[in-house]
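The file coords16.cif comes next; it holds mmCIF, C-alpha atoms.
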```cif
data_data
#
loop_
_atom_site.label_atom_id
_atom_site.label_comp_id
_atom_site.auth_asym_id
_atom_site.auth_seq_id
_atom_site.Cartn_x
_atom_site.Cartn_y
_atom_site.Cartn_z
CA MET A 116 59.64 -83.04 93.69
CA ILE A 117 57.91 -84.45 96.77
CA ARG A 118 60.69 -82.99 98.90
CA THR A 119 60.10 -79.62 97.26
CA PHE A 120 56.41 -79.90 98.10
CA ALA A 121 57.26 -80.74 101.71
CA SER A 122 59.54 -77.72 101.92
CA THR A 123 56.57 -75.44 101.23
CA ILE A 124 55.07 -76.42 104.60
CA PRO A 125 57.78 -75.47 107.12
CA ASP A 126 55.30 -75.05 109.98
CA ASP A 127 53.30 -78.25 109.71
CA ARG A 128 51.62 -77.69 113.07
CA GLN A 129 49.97 -74.53 111.76
CA THR A 130 49.50 -74.97 108.01
CA GLY A 131 49.35 -77.60 105.31
CA GLY A 132 48.83 -78.26 101.67
CA ALA A 133 48.10 -80.76 98.94
CA LEU A 134 49.57 -81.53 95.52
CA ALA A 135 48.00 -83.49 92.66
CA ILE A 136 49.58 -84.21 89.28
CA TRP A 137 47.83 -86.22 86.59
CA ILE A 138 49.46 -87.42 83.36
CA ASP A 139 47.61 -89.07 80.46
CA GLY A 140 44.41 -88.93 82.49
CA GLN A 141 45.84 -90.84 85.45
CA PRO A 142 47.02 -89.67 88.89
CA VAL A 143 50.79 -89.93 89.29
CA VAL A 144 51.18 -87.75 92.40
CA GLU A 145 48.59 -87.11 95.09
CA VAL A 146 50.13 -86.04 98.40
CA HIS A 147 49.18 -83.89 101.35
CA ALA A 148 50.86 -82.77 104.56
CA GLY A 149 50.49 -80.53 107.58
CA VAL A 150 47.30 -79.28 109.17
CA ALA A 151 44.16 -77.81 107.67
CA ASP A 152 43.28 -75.81 110.75
CA GLY A 153 46.00 -74.70 113.15
CA ARG A 154 43.38 -73.81 115.74
CA THR A 155 42.26 -77.43 116.11
CA GLY A 156 45.15 -79.44 114.69
CA GLU A 157 42.88 -81.00 112.06
CA ALA A 158 45.08 -82.73 109.48
CA PHE A 159 45.27 -81.54 105.89
CA THR A 160 44.06 -84.61 103.98
CA ALA A 161 43.13 -85.54 100.44
CA GLN A 162 39.55 -84.62 101.37
CA THR A 163 40.34 -81.15 102.74
CA LEU A 164 38.43 -78.43 100.92
CA GLN A 165 40.60 -75.37 100.36
CA PRO A 166 39.39 -71.92 99.27
CA ILE A 167 41.00 -71.54 95.84
CA PHE A 168 40.53 -67.79 95.41
CA SER A 169 41.33 -66.82 91.79
CA CYS A 170 41.83 -70.40 90.63
CA SER A 171 38.04 -70.01 90.48
CA LYS A 172 38.47 -67.72 87.46
CA GLY A 173 40.06 -70.52 85.47
CA ILE A 174 37.17 -72.86 86.21
CA GLY A 175 34.56 -70.25 85.29
CA SER A 176 36.36 -69.50 82.03
CA LEU A 177 36.52 -73.22 81.21
CA LEU A 178 32.75 -73.46 81.65
CA ILE A 179 32.35 -70.67 79.08
CA ALA A 180 34.71 -72.57 76.75
CA LEU A 181 32.37 -75.58 77.00
CA LEU A 182 29.53 -73.43 75.68
CA VAL A 183 31.69 -72.11 72.85
CA GLU A 184 32.68 -75.62 71.79
CA ARG A 185 29.07 -76.79 71.81
CA GLY A 186 27.95 -73.84 69.71
CA THR A 187 25.73 -72.41 72.45
CA ILE A 188 27.99 -69.37 72.20
CA GLU A 189 29.06 -68.64 68.62
CA SER A 190 32.63 -67.74 69.58
CA PHE A 191 34.74 -65.92 72.13
CA GLU A 192 34.26 -62.87 69.88
CA THR A 193 30.53 -62.81 70.57
CA PRO A 194 29.63 -59.55 72.36
CA VAL A 195 28.60 -60.00 75.98
CA SER A 196 25.59 -57.77 75.34
CA THR A 197 24.03 -60.22 72.88
CA ILE A 198 23.46 -62.50 75.87
CA TRP A 199 23.39 -60.03 78.77
CA GLN A 200 21.60 -57.13 77.12
CA GLU A 201 21.71 -54.80 80.10
CA PHE A 202 25.50 -54.83 80.05
CA GLY A 203 25.55 -52.85 76.81
CA ALA A 204 24.90 -49.52 78.57
CA PHE A 205 27.44 -46.67 78.19
CA GLY A 206 29.19 -48.12 75.15
CA LYS A 207 29.91 -51.54 76.60
CA ASP A 208 27.86 -53.24 73.88
CA LYS A 209 30.83 -54.26 71.71
CA LEU A 210 32.89 -55.92 74.46
CA THR A 211 33.51 -59.54 73.46
CA ILE A 212 33.20 -62.47 75.81
CA GLY A 213 36.86 -63.34 75.32
CA ASP A 214 37.98 -59.82 76.19
CA ALA A 215 35.64 -59.69 79.18
CA LEU A 216 37.25 -62.86 80.52
CA ALA A 217 40.70 -61.36 79.79
CA HIS A 218 40.06 -58.46 82.19
CA ARG A 219 39.41 -55.96 79.39
CA GLY A 220 35.81 -55.12 80.30
CA GLY A 221 36.36 -51.80 82.06
CA VAL A 222 34.38 -52.90 85.13
CA SER A 223 37.15 -54.03 87.45
CA ALA A 224 35.43 -52.11 90.26
CA PRO A 225 32.04 -50.54 90.87
CA ARG A 226 31.78 -46.76 90.84
CA ILE A 227 29.42 -46.85 93.83
CA ASP A 228 29.90 -48.48 97.22
CA LEU A 229 28.09 -51.74 97.90
CA THR A 230 27.52 -53.60 101.13
CA GLN A 231 28.89 -57.10 101.52
CA GLU A 232 25.38 -58.48 101.29
CA GLN A 233 24.83 -56.67 97.99
CA ILE A 234 28.13 -58.01 96.66
CA LEU A 235 27.15 -61.57 97.53
CA ASP A 236 23.42 -61.60 96.82
CA GLY A 237 23.87 -62.80 93.23
CA SER A 238 22.18 -59.86 91.50
CA THR A 239 23.08 -56.40 92.83
CA LEU A 240 26.75 -56.45 91.79
CA ALA A 241 25.84 -57.68 88.30
CA ALA A 242 23.17 -55.01 87.88
CA THR A 243 25.56 -52.33 89.13
CA LEU A 244 28.32 -53.29 86.69
CA ALA A 245 25.86 -53.54 83.80
CA ALA A 246 24.44 -50.08 84.43
CA GLN A 247 27.65 -48.18 85.09
CA GLN A 248 29.92 -46.23 82.80
CA PRO A 249 33.10 -48.26 82.22
CA LEU A 250 36.37 -47.17 83.82
CA TRP A 251 38.01 -47.26 80.35
CA GLU A 252 36.94 -48.08 76.82
CA PRO A 253 36.00 -51.78 76.93
CA GLY A 254 38.44 -53.92 75.00
CA ALA A 255 41.06 -51.17 74.69
CA ASP A 256 43.03 -51.96 77.85
CA HIS A 257 42.99 -54.33 80.79
CA HIS A 258 43.11 -54.35 84.56
CA TYR A 259 42.66 -57.30 86.86
CA HIS A 260 38.97 -57.84 87.66
CA ALA A 261 39.85 -59.45 90.98
CA LEU A 262 36.33 -59.82 92.37
CA THR A 263 34.08 -58.81 89.47
CA HIS A 264 35.44 -61.30 86.90
CA GLY A 265 33.12 -64.14 87.83
CA VAL A 266 30.02 -62.03 87.21
CA PHE A 267 30.50 -62.48 83.46
CA ALA A 268 30.49 -66.29 83.67
CA GLU A 269 27.61 -66.29 86.15
CA GLN A 270 25.40 -64.12 83.94
CA ILE A 271 26.26 -65.78 80.63
CA ILE A 272 25.72 -69.31 81.95
CA ALA A 273 22.46 -68.47 83.73
CA ARG A 274 21.00 -66.70 80.70
CA LEU A 275 21.97 -69.40 78.17
CA THR A 276 21.39 -72.57 80.18
CA GLY A 277 18.84 -71.69 82.85
CA SER A 278 21.25 -73.14 85.43
CA THR A 279 23.32 -71.38 88.03
CA ILE A 280 27.07 -71.56 87.56
CA SER A 281 27.17 -73.84 90.62
CA GLN A 282 24.76 -76.30 89.01
CA PHE A 283 26.45 -76.10 85.62
CA LEU A 284 29.87 -76.83 87.13
CA GLN A 285 28.56 -79.91 88.92
CA GLU A 286 26.56 -81.27 86.00
CA GLU A 287 29.08 -80.68 83.23
CA LEU A 288 32.49 -81.13 84.87
CA ALA A 289 32.64 -82.00 88.55
CA GLU A 290 30.24 -84.93 88.73
CA PRO A 291 31.41 -86.70 85.53
CA LEU A 292 35.01 -86.47 86.82
CA SER A 293 34.16 -87.15 90.49
CA ALA A 294 35.97 -83.88 91.08
CA GLU A 295 35.34 -82.07 94.33
CA VAL A 296 35.29 -78.50 93.06
CA PHE A 297 32.43 -76.25 94.11
CA PHE A 298 30.97 -72.79 93.78
CA GLY A 299 28.93 -72.50 96.96
CA LEU A 300 29.87 -74.42 100.10
CA SER A 301 27.20 -76.70 101.59
CA ASP A 302 26.59 -77.12 105.32
CA GLU A 303 27.84 -80.69 105.10
CA GLN A 304 31.14 -79.55 103.62
CA VAL A 305 31.98 -76.96 106.28
CA PRO A 306 33.79 -79.42 108.60
CA ARG A 307 36.19 -80.26 105.73
CA LEU A 308 37.09 -76.63 105.09
CA SER A 309 40.64 -75.48 105.79
CA HIS A 310 41.47 -72.33 107.72
CA TRP A 311 44.11 -70.22 106.00
CA VAL A 312 46.88 -68.43 107.86
CA ASP A 313 48.06 -64.96 106.84
CA ALA A 314 51.71 -65.91 107.27
CA GLU A 315 53.22 -62.86 105.62
CA SER A 316 50.46 -60.25 105.82
CA GLU A 317 49.64 -61.03 102.18
CA SER A 318 46.06 -59.99 102.75
CA SER A 319 46.87 -56.40 103.73
CA GLN A 320 46.16 -55.06 100.23
CA PHE A 321 42.91 -57.03 100.07
CA SER A 322 41.49 -56.18 103.50
CA ASN A 323 37.99 -54.77 103.54
CA GLY A 324 37.80 -51.10 104.42
CA SER A 325 38.54 -47.88 102.61
CA PRO A 326 40.36 -48.32 99.29
CA ALA A 327 43.94 -47.11 99.02
CA SER A 328 44.36 -43.37 98.86
CA GLY A 329 46.89 -41.53 96.73
CA SER A 330 47.10 -41.90 92.98
CA VAL A 331 44.22 -42.63 90.65
CA ALA A 332 45.84 -46.01 89.93
CA SER A 333 46.03 -46.99 93.59
CA PHE A 334 42.46 -45.79 94.19
CA TRP A 335 40.91 -47.90 91.42
CA HIS A 336 43.18 -50.85 92.10
CA GLY A 337 42.11 -50.74 95.73
CA ARG A 338 38.46 -50.70 94.76
CA ALA A 339 39.05 -53.65 92.42
CA MET A 340 40.63 -55.72 95.18
CA THR A 341 37.81 -55.09 97.67
CA VAL A 342 34.80 -54.14 95.49
CA GLY A 343 35.03 -50.67 96.95
CA GLY A 344 35.84 -51.83 100.46
CA GLY A 345 32.86 -54.14 100.90
CA ILE A 346 34.75 -57.42 101.05
CA GLY A 347 38.33 -58.58 101.51
CA ILE A 348 40.44 -61.70 101.74
CA PRO A 349 39.89 -62.08 105.52
CA ASP A 350 36.21 -62.63 104.75
CA PHE A 351 37.06 -65.77 102.76
CA ASN A 352 37.91 -67.54 106.01
CA ARG A 353 34.24 -67.34 106.90
CA PRO A 354 32.04 -70.29 105.84
CA GLU A 355 29.04 -67.99 105.51
CA VAL A 356 30.87 -66.11 102.74
CA LEU A 357 31.97 -69.29 100.97
CA ARG A 358 28.38 -70.53 100.98
CA ARG A 359 27.65 -67.69 98.55
CA VAL A 360 28.77 -67.52 94.93
CA LEU A 361 31.15 -64.89 93.63
CA ALA A 362 32.46 -67.10 90.89
CA GLY A 363 35.80 -65.39 90.31
CA VAL A 364 36.97 -65.98 93.84
CA THR A 365 34.77 -68.12 96.15
CA GLY A 366 35.49 -71.59 94.77
CA VAL A 367 36.54 -74.39 97.09
CA ALA A 368 38.23 -77.59 95.99
CA THR A 369 40.53 -80.46 96.71
CA ALA A 370 43.82 -80.60 94.85
CA SER A 371 42.74 -83.84 93.19
CA GLY A 372 39.47 -82.25 92.07
CA LEU A 373 41.23 -79.36 90.36
CA ALA A 374 43.78 -81.67 88.74
CA ARG A 375 41.02 -83.88 87.33
CA ILE A 376 39.24 -80.94 85.72
CA TRP A 377 42.38 -79.45 84.18
CA SER A 378 43.52 -82.89 83.02
CA SER A 379 40.25 -83.29 81.10
CA THR A 380 41.10 -80.23 79.00
CA VAL A 381 44.16 -81.86 77.45
CA THR A 382 43.55 -85.63 77.55
CA PRO A 383 40.67 -88.06 78.19
CA THR A 384 40.32 -88.33 81.96
CA LEU A 385 38.03 -90.88 83.58
CA GLY A 386 36.27 -91.09 80.23
CA VAL A 387 35.84 -87.31 79.91
CA ARG A 388 37.49 -84.88 77.48
CA SER A 389 35.93 -81.57 78.46
CA ILE A 390 37.17 -79.44 75.52
CA ASN A 391 39.05 -80.33 72.35
CA ASP A 392 42.41 -79.08 71.10
CA ALA A 393 40.89 -76.36 68.93
CA THR A 394 38.97 -74.92 71.86
CA VAL A 395 42.10 -75.07 74.02
CA GLU A 396 43.91 -72.96 71.44
CA MET A 397 41.11 -70.37 71.39
CA LEU A 398 40.96 -70.32 75.19
CA ARG A 399 44.68 -69.77 75.67
CA ALA A 400 45.30 -67.36 72.76
CA PRO A 401 46.99 -64.24 74.25
CA ARG A 402 44.71 -61.28 74.97
CA SER A 403 46.12 -59.30 77.93
CA SER A 404 49.55 -58.74 79.47
CA GLY A 405 51.64 -56.00 81.01
CA PRO A 406 51.04 -53.51 83.84
CA GLY A 407 47.38 -52.81 83.04
CA ARG A 408 45.23 -49.69 83.23
CA PHE A 409 46.01 -48.89 86.87
CA PRO A 410 49.62 -49.99 87.42
CA VAL A 411 50.61 -50.32 91.05
CA ASP A 412 53.12 -53.18 90.89
CA SER A 413 56.54 -53.70 89.35
CA PRO A 414 57.32 -56.39 86.75
CA PRO A 415 57.02 -59.26 86.16
CA TYR A 416 53.41 -59.14 85.04
CA GLN A 417 50.76 -61.77 84.43
CA ALA A 418 49.27 -62.67 81.05
CA TRP A 419 45.85 -64.02 80.07
CA GLY A 420 43.96 -65.69 77.29
CA ALA A 421 40.16 -65.80 77.51
CA GLY A 422 40.16 -65.90 81.30
CA VAL A 423 42.99 -68.39 81.76
CA MET A 424 46.47 -67.38 82.80
CA ILE A 425 49.15 -68.22 80.26
CA PRO A 426 52.93 -68.36 80.69
CA SER A 427 54.52 -65.04 81.57
CA GLY A 428 57.35 -63.57 83.58
CA TRP A 429 55.08 -63.77 86.60
CA GLU A 430 54.16 -67.45 86.15
CA PRO A 431 56.10 -69.45 83.53
CA TYR A 432 54.22 -72.70 84.27
CA LEU A 433 55.65 -75.86 82.70
CA THR A 434 55.91 -75.11 78.96
CA PRO A 435 54.88 -72.24 76.66
CA LEU A 436 51.61 -74.13 75.96
CA SER A 437 50.47 -74.36 79.60
CA PHE A 438 47.30 -72.61 80.76
CA GLY A 439 45.37 -72.43 84.01
CA HIS A 440 45.06 -69.97 86.89
CA ASP A 441 46.78 -69.08 90.14
CA GLY A 442 45.04 -68.06 93.33
CA ALA A 443 45.77 -65.61 96.15
CA GLY A 444 48.42 -66.74 98.55
CA GLY A 445 50.08 -69.38 96.42
CA GLN A 446 47.50 -71.70 94.84
CA VAL A 447 48.54 -72.97 91.38
CA ALA A 448 46.44 -75.02 88.94
CA PHE A 449 47.06 -75.60 85.23
CA ALA A 450 47.10 -78.01 82.31
CA ASP A 451 49.85 -78.63 79.79
CA PRO A 452 48.93 -80.01 76.34
CA GLU A 453 52.49 -80.93 75.42
CA ASN A 454 52.83 -83.35 78.33
CA ARG A 455 49.09 -84.20 78.63
CA LEU A 456 49.48 -83.18 82.24
CA SER A 457 47.62 -81.30 84.95
CA PHE A 458 48.92 -79.80 88.16
CA ALA A 459 47.18 -78.48 91.30
CA TYR A 460 48.93 -77.16 94.40
CA LEU A 461 46.79 -75.86 97.26
CA THR A 462 47.96 -74.35 100.52
CA ASN A 463 46.35 -72.61 103.48
CA ARG A 464 49.45 -70.51 104.19
CA MET A 465 49.16 -67.10 102.57
CA GLY A 466 52.18 -65.35 101.08
CA ASP A 467 55.34 -66.49 99.28
CA TRP A 468 54.01 -66.87 95.75
CA SER A 469 57.13 -68.76 94.70
CA ARG A 470 56.21 -71.99 96.51
CA GLY A 471 54.04 -73.48 93.81
CA GLN A 472 56.45 -72.25 91.15
CA ARG A 473 59.29 -74.14 92.88
CA ILE A 474 57.28 -77.35 92.65
CA VAL A 475 56.62 -76.71 88.95
CA THR A 476 60.36 -76.23 88.44
CA ALA A 477 61.02 -79.51 90.22
CA LEU A 478 58.43 -81.20 88.00
CA HIS A 479 60.13 -79.78 84.91
CA ASN A 480 63.43 -81.25 86.11
CA VAL A 481 61.77 -84.65 86.57
CA ILE A 482 60.09 -84.89 83.17
CA GLY A 483 62.85 -83.11 81.24
CA ASP A 484 62.57 -80.66 78.36
#
```

Show how you would write the structure in this file as structure tokens.
Amino acid sequence: MIRTFASTIPDDRQTGGALAIWIDGQPVVEVHAGVADGRTGEAFTAQTLQPIFSCSKGIGSLLIALLVERGTIESFETPVSTIWQEFGAFGKDKLTIGDALAHRGGVSAPRIDLTQEQILDGSTLAATLAAQQPLWEPGADHHYHALTHGVFAEQIIARLTGSTISQFLQEELAEPLSAEVFFGLSDEQVPRLSHWVDAESESSQFSNGSPASGSVASFWHGRAMTVGGGIGIPDFNRPEVLRRVLAGVTGVATASGLARIWSSTVTPTLGVRSINDATVEMLRAPRSSGPGRFPVDSPPYQAWGAGVMIPSGWEPYLTPLSFGHDGAGGQVAFADPENRLSFAYLTNRMGDWSRGQRIVTALHNVIGD
């Protein structure tokens, strides 16, 4: 398995990565290799902070699950509009929290163009999505809310707790687990930040600029991937962007930090069990799968519970009970209740989505059926 990890870093003078696997609440694998910044030769270490892209969605969804378990939110079937009243405009009032997290909200992209500052200012994007007519009947279909997903968690948490999602993450999960996972990069953390390399032009479909022309599907998919052209994956190499909070995509973490958090969902970890088995089952219950409202890709497709990815043809994970979230360019993070295990693979080399999956396959071969 370690050899498989090493094989995912063929150019160790340009890129690097880290792998953390915890079982029964204890670390069993924590390795790193290569460089965090090919421009300087800075080594990729256990302390390297890596942009985790959509792995952020899994963390945001887990924070909502905490509120469900505590009774702050009645259930995943609670309508978003009971908490975020403004979101109920244009027939969006019956959309449930679980379906919103499962990319069924009909607001995968704004109908109007926004500047990058408006996207990142913490209020304009939310107000825009709340006020707009949905792109489809909420709850009736799904499409990947690539950059708008985190707005749901941000708004729900702020309105129910009085804390920002950044504060809530630190207070409720990260600090109790000594897990370095953050929404919002601090000045002190910038020197530890990796610099990702677009090894296979993976970011081309996410570049900021005009959305894809052509079919209706490609148009709306393009707007979803760039919030109408205002932001793109190249921007997430800029510390000034990662200092802001767009909770579905701007998280930064160490591999160990992610593994600690996911471990706590399936077994006591450093004295913390973040959610219980019943909440896990509600969180991972299937809600969305297949090509989605605006199909632009061929199978296999992803599948989601209430904001967490679940096993699918795209990402089989370890067992049928696994749940977590992948991130752009190859990041993989998940928990597995059957084996009381968590897994986090981070890399700063974009492209080749199979790398993390190969490590998961090697892990499966190690632990057996």

Mind telling me what the PyMOL selection byres ((chain A and resi 131-134) around 10) catches here, as a compact mmCIF listing (two decimals) with C-alpha atoms, in the coordinates of the input?
```txt
# COMPACT_ATOMS: atom_id res chain seq x y z
CA ILE A 117 57.91 -84.45 96.77
CA PHE A 120 56.41 -79.90 98.10
CA ALA A 121 57.26 -80.74 101.71
CA THR A 123 56.57 -75.44 101.23
CA ILE A 124 55.07 -76.42 104.60
CA PRO A 125 57.78 -75.47 107.12
CA ASP A 126 55.30 -75.05 109.98
CA ASP A 127 53.30 -78.25 109.71
CA ARG A 128 51.62 -77.69 113.07
CA GLN A 129 49.97 -74.53 111.76
CA THR A 130 49.50 -74.97 108.01
CA ALA A 135 48.00 -83.49 92.66
CA ILE A 136 49.58 -84.21 89.28
CA VAL A 144 51.18 -87.75 92.40
CA GLU A 145 48.59 -87.11 95.09
CA VAL A 146 50.13 -86.04 98.40
CA HIS A 147 49.18 -83.89 101.35
CA ALA A 148 50.86 -82.77 104.56
CA GLY A 149 50.49 -80.53 107.58
CA VAL A 150 47.30 -79.28 109.17
CA ALA A 151 44.16 -77.81 107.67
CA ASP A 152 43.28 -75.81 110.75
CA GLY A 153 46.00 -74.70 113.15
CA GLU A 157 42.88 -81.00 112.06
CA ALA A 158 45.08 -82.73 109.48
CA PHE A 159 45.27 -81.54 105.89
CA THR A 160 44.06 -84.61 103.98
CA ALA A 161 43.13 -85.54 100.44
CA GLN A 162 39.55 -84.62 101.37
CA THR A 163 40.34 -81.15 102.74
CA GLN A 165 40.60 -75.37 100.36
CA SER A 309 40.64 -75.48 105.79
CA HIS A 310 41.47 -72.33 107.72
CA TRP A 311 44.11 -70.22 106.00
CA VAL A 312 46.88 -68.43 107.86
CA THR A 369 40.53 -80.46 96.71
CA ALA A 370 43.82 -80.60 94.85
CA SER A 371 42.74 -83.84 93.19
CA ALA A 374 43.78 -81.67 88.74
CA GLN A 446 47.50 -71.70 94.84
CA VAL A 447 48.54 -72.97 91.38
CA ALA A 448 46.44 -75.02 88.94
CA PHE A 458 48.92 -79.80 88.16
CA ALA A 459 47.18 -78.48 91.30
CA TYR A 460 48.93 -77.16 94.40
CA LEU A 461 46.79 -75.86 97.26
CA THR A 462 47.96 -74.35 100.52
CA ASN A 463 46.35 -72.61 103.48
CA ARG A 464 49.45 -70.51 104.19
CA GLY A 471 54.04 -73.48 93.81
CA ILE A 474 57.28 -77.35 92.65
```

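Once the PyMOL selection byres ((chain A and resi 235-249) around 8) is applied to the depicted file, the selected set reads Glu201, Phe202, Gly203, Ala204, Phe205, Gly206, Lys207, Gly220, Gly221, Val222, Pro225, Arg226, Leu229, Gln231, Glu232, Gln233, Ile234, Leu250, Trp251, Glu252, Pro253, Val266, Gln270, Val356, Arg359, Val360 and Leu361 of chain A.
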
If you keep C-alpha atoms, can you produce a file of those selected residues as an mmCIF file, in the frame of the given file?
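Contents of again_14.cif, freshly written:
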```cif
data_model
loop_
_atom_site.group_PDB
_atom_site.id
_atom_site.type_symbol
_atom_site.label_atom_id
_atom_site.label_comp_id
_atom_site.auth_asym_id
_atom_site.auth_seq_id
_atom_site.Cartn_x
_atom_site.Cartn_y
_atom_site.Cartn_z
ATOM 1 C CA GLU A 201 21.710 -54.800 80.100
ATOM 2 C CA PHE A 202 25.500 -54.830 80.050
ATOM 3 C CA GLY A 203 25.550 -52.850 76.810
ATOM 4 C CA ALA A 204 24.900 -49.520 78.570
ATOM 5 C CA PHE A 205 27.440 -46.670 78.190
ATOM 6 C CA GLY A 206 29.190 -48.120 75.150
ATOM 7 C CA LYS A 207 29.910 -51.540 76.600
ATOM 8 C CA GLY A 220 35.810 -55.120 80.300
ATOM 9 C CA GLY A 221 36.360 -51.800 82.060
ATOM 10 C CA VAL A 222 34.380 -52.900 85.130
ATOM 11 C CA PRO A 225 32.040 -50.540 90.870
ATOM 12 C CA ARG A 226 31.780 -46.760 90.840
ATOM 13 C CA LEU A 229 28.090 -51.740 97.900
ATOM 14 C CA GLN A 231 28.890 -57.100 101.520
ATOM 15 C CA GLU A 232 25.380 -58.480 101.290
ATOM 16 C CA GLN A 233 24.830 -56.670 97.990
ATOM 17 C CA ILE A 234 28.130 -58.010 96.660
ATOM 18 C CA LEU A 250 36.370 -47.170 83.820
ATOM 19 C CA TRP A 251 38.010 -47.260 80.350
ATOM 20 C CA GLU A 252 36.940 -48.080 76.820
ATOM 21 C CA PRO A 253 36.000 -51.780 76.930
ATOM 22 C CA VAL A 266 30.020 -62.030 87.210
ATOM 23 C CA GLN A 270 25.400 -64.120 83.940
ATOM 24 C CA VAL A 356 30.870 -66.110 102.740
ATOM 25 C CA ARG A 359 27.650 -67.690 98.550
ATOM 26 C CA VAL A 360 28.770 -67.520 94.930
ATOM 27 C CA LEU A 361 31.150 -64.890 93.630
#
```

Test item: residues at most 9 Å from Thr187 in chain A, all atoms listed in the file, excluding those fewer than 4 positions along its chain, as a short mmCIF file (atom, residue, chain, number, x, y, z; two decimals) with C-alpha atoms, in the frame of the given file:
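To be explicit, this is the file written out as out_8.cif:
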```cif
data_model
loop_
_atom_site.label_atom_id
_atom_site.label_comp_id
_atom_site.auth_asym_id
_atom_site.auth_seq_id
_atom_site.Cartn_x
_atom_site.Cartn_y
_atom_site.Cartn_z
CA LEU A 181 32.37 -75.58 77.00
CA LEU A 182 29.53 -73.43 75.68
CA VAL A 183 31.69 -72.11 72.85
CA LEU A 275 21.97 -69.40 78.17
CA THR A 276 21.39 -72.57 80.18
#
```

**Q.** Explicit residues for the PyMOL selection byres ((chain A and resi 141) around 10) (as a list in words)
**A.**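 Against this file, the PyMOL selection byres ((chain A and resi 141) around 10) returns the residues Ile136, Trp137, Ile138, Asp139, Gly140, Pro142, Val143, Val144, Ala374, Arg375, Ser378, Thr382, Pro383, Thr384, Leu385, Leu456 and Ser457 of chain A.
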
Write a file of the just-selected residues containing C-alpha atoms, as a CSV table (one decimal), keeping the file's coordinate frame.
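What landed in result03.csv:
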```
chain,number,residue,atom,x,y,z
A,136,ILE,CA,49.6,-84.2,89.3
A,137,TRP,CA,47.8,-86.2,86.6
A,138,ILE,CA,49.5,-87.4,83.4
A,139,ASP,CA,47.6,-89.1,80.5
A,140,GLY,CA,44.4,-88.9,82.5
A,142,PRO,CA,47.0,-89.7,88.9
A,143,VAL,CA,50.8,-89.9,89.3
A,144,VAL,CA,51.2,-87.8,92.4
A,374,ALA,CA,43.8,-81.7,88.7
A,375,ARG,CA,41.0,-83.9,87.3
A,378,SER,CA,43.5,-82.9,83.0
A,382,THR,CA,43.6,-85.6,77.6
A,383,PRO,CA,40.7,-88.1,78.2
A,384,THR,CA,40.3,-88.3,82.0
A,385,LEU,CA,38.0,-90.9,83.6
A,456,LEU,CA,49.5,-83.2,82.2
A,457,SER,CA,47.6,-81.3,85.0
```

Q: Would you kindly return, as a ChimeraX atom specification, each protein, DNA or RNA residue with an atom no farther than 12 Å from any atom of Leu284 in chain A, considering all atoms listed in the file and excluding same-chain residues fewer than 4 positions away?
A: /A:171,174-179,181-182,268-269,272-273,276,278-280,288-299,362,366,376,389

Q: Measuring atom to atom with only C-alpha atoms, identify which of A:Val411, A:Val395, A:Leu478, A:Val387 is nearest to Ser330 in chain A.
A: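 Distance minimum relative to Ser330 in chain A lands on A:Val411.
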
Can you pull out every residue within 7 Å of Ala418 in chain A, counting all atoms listed in the file, but drop anything in the same chain fewer than 5 positions away, and send it as a compact mmCIF listing (two decimals) with C-alpha atoms, in the frame of the given file?
```txt
# COMPACT_ATOMS: atom_id res chain seq x y z
CA SER A 403 46.12 -59.30 77.93
CA SER A 404 49.55 -58.74 79.47
CA MET A 424 46.47 -67.38 82.80
CA ILE A 425 49.15 -68.22 80.26
CA PRO A 426 52.93 -68.36 80.69
CA SER A 427 54.52 -65.04 81.57
```

Q. Which residues, written as a ChimeraX atom specification, have at least one atom at most 6 Å from range 258-265 of chain A, with only C-alpha atoms counted and residues fewer than 4 positions away on the same chain left out?
A. /A:218,223,340,362-363,407-408

Q | Nearest-residue call for Gly483 in chain A, choices A:Ile188, A:Val381, A:Thr434, A:Asp214, using all atoms listed in the file | A |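 Closest candidate: A:Thr434.
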
Q) Which of these, A:Ala421, A:Met465, A:Ala400, A:Leu373, has the shortest distance to Thr211 in chain A once you count only C-alpha atoms? A)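 Ranked by minimum distance to Thr211 in chain A, first place goes to A:Ala421.
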
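With CA of Val364 in chain A on one side and CA of Gly254 in chain A on the other, the separation reads 22.4 Å.
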